[in-house]
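In what follows, a single structure is set out as structure tokens and then discussed.
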Amino acid sequence: MPLRLYNTLTQAAEPFEPLVAGQVRMYVCGVTVYDLCHIGHARMALAFEVVRRYLAYSGYRVTLVRNFTDLDDKIIKRAAEQGRSWSAVAEEFTAAFRQDLEALGLAPADVEPKATEHIPEMVALIRRLVERGLAYAVDGDVYYAVRRFPSYGKLSHRSPDELLAGARIEVDERKRDPLDFALWKASKPGEPAWDSPWGRGRPGWHIECSAMAGKYLGESFDIHAGGEDLIFPHHENEIAQSEGATGRPFARYWLHNGFVTVNGEKMSKSLGNFVTIRQALQRSSAEAVKLLLLSTNYRSPLDYTEAAVAEKARALAGVQEFMRRVEILAAETGSPATAAADESGGAGQAGSRRPASTARAGDRDGCGVVSGGLTASIPRAREPAPVGEDAFRDAMDDDFNTARASGVLFDLVREGNRLLQEARQPGGAARCLPRLQETASALRRLGQVLALDLRSGLTLVEKLNGVSMTRPVEAVQAELARLVGDRPADPAAFQSRLSAVLAELLAQREAARRDRNWAAADAIRQSLAAHTIRLDDSRTATHAVSEFAAERGLPPVAVTLLKS
RNA sequence: GGCGCGGUACCCAAGGGGCUAAGGGAGAGGUCUGCAAAACCUUUAUUCGGCGGUUCGAGUCCGCCCCGCGCCUCCA
């Protein structure tokens, strides 16, 4: 089944056909950098990152451009309030957005152009619109003559007359039509200003995306995306500008994500329900936040609550537990740790790959178009599809149905857990391990397509066959408390010391259990549980698995004691 | 007023004319276990906001109604 995606332009799901075979060019409207970004921005970034990743998985070479609006009334206003320069404000929140994306484990776009670095391109585009009779200058301002562009309204599916009917537009005598919008604005004193044929001024909001999309992706490209609030006027105006200037179709598919509400209400500062990405990540893991954002169709509204994220965290814990068990089983049976080695890395590493900038804009192909760099690190679809993967593709081919796709992942986990039970039978481990590792590998791979890091979180599985006990259990417990008391300066040293301590405790407990001294054994279990280290007895071994909360900054540790 | 979206179990949510209505969370019972945890099995919607209609057949299409929401103004 071919990929179908819902196109706002046609209001229908359409088969996806790129303009150039094998290559996808997409532009996402990014953020205006006047404040910290909230989970609505995170949803936007994630939704289209998943689009990018699924297209790459499907074999396309994808180029993603996502701009920063670093020139805007809100930035100027914020700067004035804080007594800072507007550029300082823009730089601060540009950096903050990049940090937030990295914390979420989302990769930078291939090109992340800034409005302020493309003023000449915007001026050239406005000049072209004036020459073609689609724009007119008045007192140092330039306006787009909406009525001169016949298909104005085709994206938002409203005619200019309809738009006018219910509109609350302030009357500006200098505009020929109330719907005309500014391409260039004469700057007031103290505002940023650039020279132009119409005097010193600054660009209107919409022109930057037309200019930058055209520069990096060409006059016509495949996908243009953004939040649903951008449909009108921003994207409508982009179409008028770009198609008016070039006479050629602008973007082919228009994708728009739905809003995030908080406790059922749209986020707003006045309501005090504005949740920044930082706040969300303080309370929950990035993977749980992302799983919640992916649990409904990207076009539908999504309610963000602490309880909902917590539910996703519990769901995710089951997946991670399965991954751990496969790794532990591999360690028990002495199999090579293929599970950890079969991929270069999870989604979580993508974010730290490298910063994007317009200066280092990647390769250019023959037609002056920047081509994608991330694409190479995303796993490709395999033919024929491994078990379970065809269902994943069916879901994703259906307008990126991430809710159904994540259901496929949970189905894989359940099947894997059944196999794990079978593996407990005598001789079962060796028989089941290859299939288990395949399942774990599929989960990691498909998780990456959804920008989810489904690795087990285990960095160390220690395997013991016997440990000498040289000190009393109280001394070992005291060292354990010391170790986990603080955020460690050296995580690797912490892990090796902690695993040694755990090994001692496991050995002491195993000795107690052999003596049927259940009280002593349970006391050790409880002392570990107090530090969120869980013990897990199986027929052949005992496992200690750390479950440190993310905010404590302790690296995960797992120790396996084999019964001899 | 105009344009558009949604109402599916206790909660979230997929499914958009015909195989037993995905999946997650929560609850209940069971298996396994010295204890425990996890996991697995069973179970929780003869029914998809209400009423009509089309059809051999309707959560699924049409009409009306009720409820909730978004956009039309800066907003992801």
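If you're wondering about the labels, chains in the structure tokens are A, B, ... by order shown, residues count from 1 in each chain, ligands from 1 in order shown.
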
Show me, as a tab-separated table, the residues of chain A having an atom within 7 Å of chain B, each with the closest atom pair and its distance in Å, using only C-alpha atoms (C1' of nucleotides).
residue	atom	partner	partner_atom	distance
A:Gly40	CA	B:A76	C1'	5.5
A:His41	CA	B:A76	C1'	4.7
A:Met44	CA	B:A76	C1'	5.5
A:Arg158	CA	B:C3	C1'	7.0
A:Glu162	CA	B:G2	C1'	6.4
A:Leu163	CA	B:C72	C1'	6.8
A:Gly166	CA	B:G2	C1'	6.3
A:Ala167	CA	B:C72	C1'	6.2
A:Arg168	CA	B:U73	C1'	6.8
A:Gly226	CA	B:A76	C1'	6.6
A:Gly227	CA	B:A76	C1'	4.4
A:Asp229	CA	B:C71	C1'	6.7
A:Thr296	CA	B:A13	C1'	6.8
A:Glu311	CA	B:G25	C1'	5.5
A:Ala315	CA	B:G24	C1'	6.4
A:Ala403	CA	B:A14	C1'	6.7
A:Arg404	CA	B:A14	C1'	5.8
A:Gly407	CA	B:G23	C1'	4.3
A:Phe410	CA	B:G23	C1'	7.0
A:Asn417	CA	B:A39	C1'	6.4
A:Arg418	CA	B:C40	C1'	6.5
A:Asp536	CA	B:A37	C1'	6.2

Practice problem: Determine which residues of segment 198-273 of chain A DSSP labels as strand (DSSP E) from the backbone of this structure, then write them out as a PyMOL selection string. | Solution: chain A and resi 201-203+221-227+251-257+260-262+265-266

Practice problem: Just the helix (DSSP H, G or I) stuff from segment 236-290 of chain A, please, per backbone DSSP, written as a list in words. | Solution: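 Checking each residue of segment 236-290 of chain A, the helix (DSSP H, G or I) ones are Glu236, Asn237, Glu238, Ile239, Ala240, Gln241, Ser242, Glu243, Gly244, Ala245, Thr246, Ile277, Arg278, Gln279, Ala280, Leu281, Gln282, Arg283, Ala286, Glu287, Ala288, Val289 and Lys290 of chain A.
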
Prev. selection, N, CA and C atoms, output as a CSV table (one decimal), in the first residue's frame:
chain,number,residue,atom,x,y,z
A,236,GLU,N,-1.7,30.8,3.6
A,236,GLU,CA,-2.5,31.3,2.5
A,236,GLU,C,-1.7,32.4,1.8
A,237,ASN,N,-1.1,33.3,2.6
A,237,ASN,CA,-0.3,34.4,2.1
A,237,ASN,C,1.0,33.9,1.5
A,238,GLU,N,1.6,32.9,2.0
A,238,GLU,CA,2.8,32.3,1.4
A,238,GLU,C,2.5,31.9,0.0
A,239,ILE,N,1.4,31.2,-0.2
A,239,ILE,CA,1.0,30.7,-1.5
A,239,ILE,C,0.8,31.9,-2.5
A,240,ALA,N,0.1,32.9,-2.0
A,240,ALA,CA,-0.1,34.1,-2.8
A,240,ALA,C,1.2,34.7,-3.2
A,241,GLN,N,2.1,34.8,-2.3
A,241,GLN,CA,3.4,35.4,-2.6
A,241,GLN,C,4.3,34.6,-3.5
A,242,SER,N,4.4,33.3,-3.2
A,242,SER,CA,5.3,32.5,-4.0
A,242,SER,C,4.7,32.2,-5.4
A,243,GLU,N,3.5,31.8,-5.4
A,243,GLU,CA,2.9,31.5,-6.7
A,243,GLU,C,2.7,32.8,-7.5
A,244,GLY,N,2.4,33.9,-6.8
A,244,GLY,CA,2.3,35.1,-7.5
A,244,GLY,C,3.6,35.5,-8.2
A,245,ALA,N,4.7,35.3,-7.5
A,245,ALA,CA,6.0,35.7,-8.0
A,245,ALA,C,6.5,34.8,-9.1
A,246,THR,N,6.3,33.5,-8.9
A,246,THR,CA,6.9,32.5,-9.8
A,246,THR,C,6.0,32.1,-10.9
A,277,ILE,N,8.4,23.0,27.3
A,277,ILE,CA,9.0,21.7,27.1
A,277,ILE,C,9.9,21.4,28.3
A,278,ARG,N,10.5,22.5,28.8
A,278,ARG,CA,11.4,22.2,30.0
A,278,ARG,C,10.6,21.7,31.2
A,279,GLN,N,9.5,22.4,31.4
A,279,GLN,CA,8.7,21.9,32.6
A,279,GLN,C,8.2,20.5,32.4
A,280,ALA,N,7.8,20.1,31.1
A,280,ALA,CA,7.4,18.8,30.9
A,280,ALA,C,8.5,17.8,31.1
A,281,LEU,N,9.7,18.1,30.7
A,281,LEU,CA,10.8,17.2,30.8
A,281,LEU,C,11.4,17.1,32.2
A,282,GLN,N,11.0,18.1,33.0
A,282,GLN,CA,11.4,18.0,34.4
A,282,GLN,C,10.6,16.9,35.1
A,283,ARG,N,9.4,16.8,34.7
A,283,ARG,CA,8.5,15.8,35.4
A,283,ARG,C,8.4,14.5,34.8
A,286,ALA,N,11.5,12.2,28.3
A,286,ALA,CA,11.3,12.6,26.9
A,286,ALA,C,10.5,11.5,26.2
A,287,GLU,N,10.8,10.3,26.4
A,287,GLU,CA,10.1,9.2,25.6
A,287,GLU,C,8.7,9.1,26.0
A,288,ALA,N,8.3,9.3,27.3
A,288,ALA,CA,6.9,9.3,27.7
A,288,ALA,C,6.2,10.5,27.1
A,289,VAL,N,6.8,11.6,27.1
A,289,VAL,CA,6.1,12.8,26.5
A,289,VAL,C,5.9,12.5,25.0
A,290,LYS,N,6.9,12.0,24.3
A,290,LYS,CA,6.8,11.8,22.9
A,290,LYS,C,5.7,10.7,22.6

Self-check item: Selected residue, from A:Arg43, A:Arg482, A:Lys188, A:Arg127, that lies nearest to Thr261 of chain A when counting only C-alpha atoms
Solution: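 Once distances to Thr261 of chain A are computed over only C-alpha atoms, the minimum belongs to A:Arg43.
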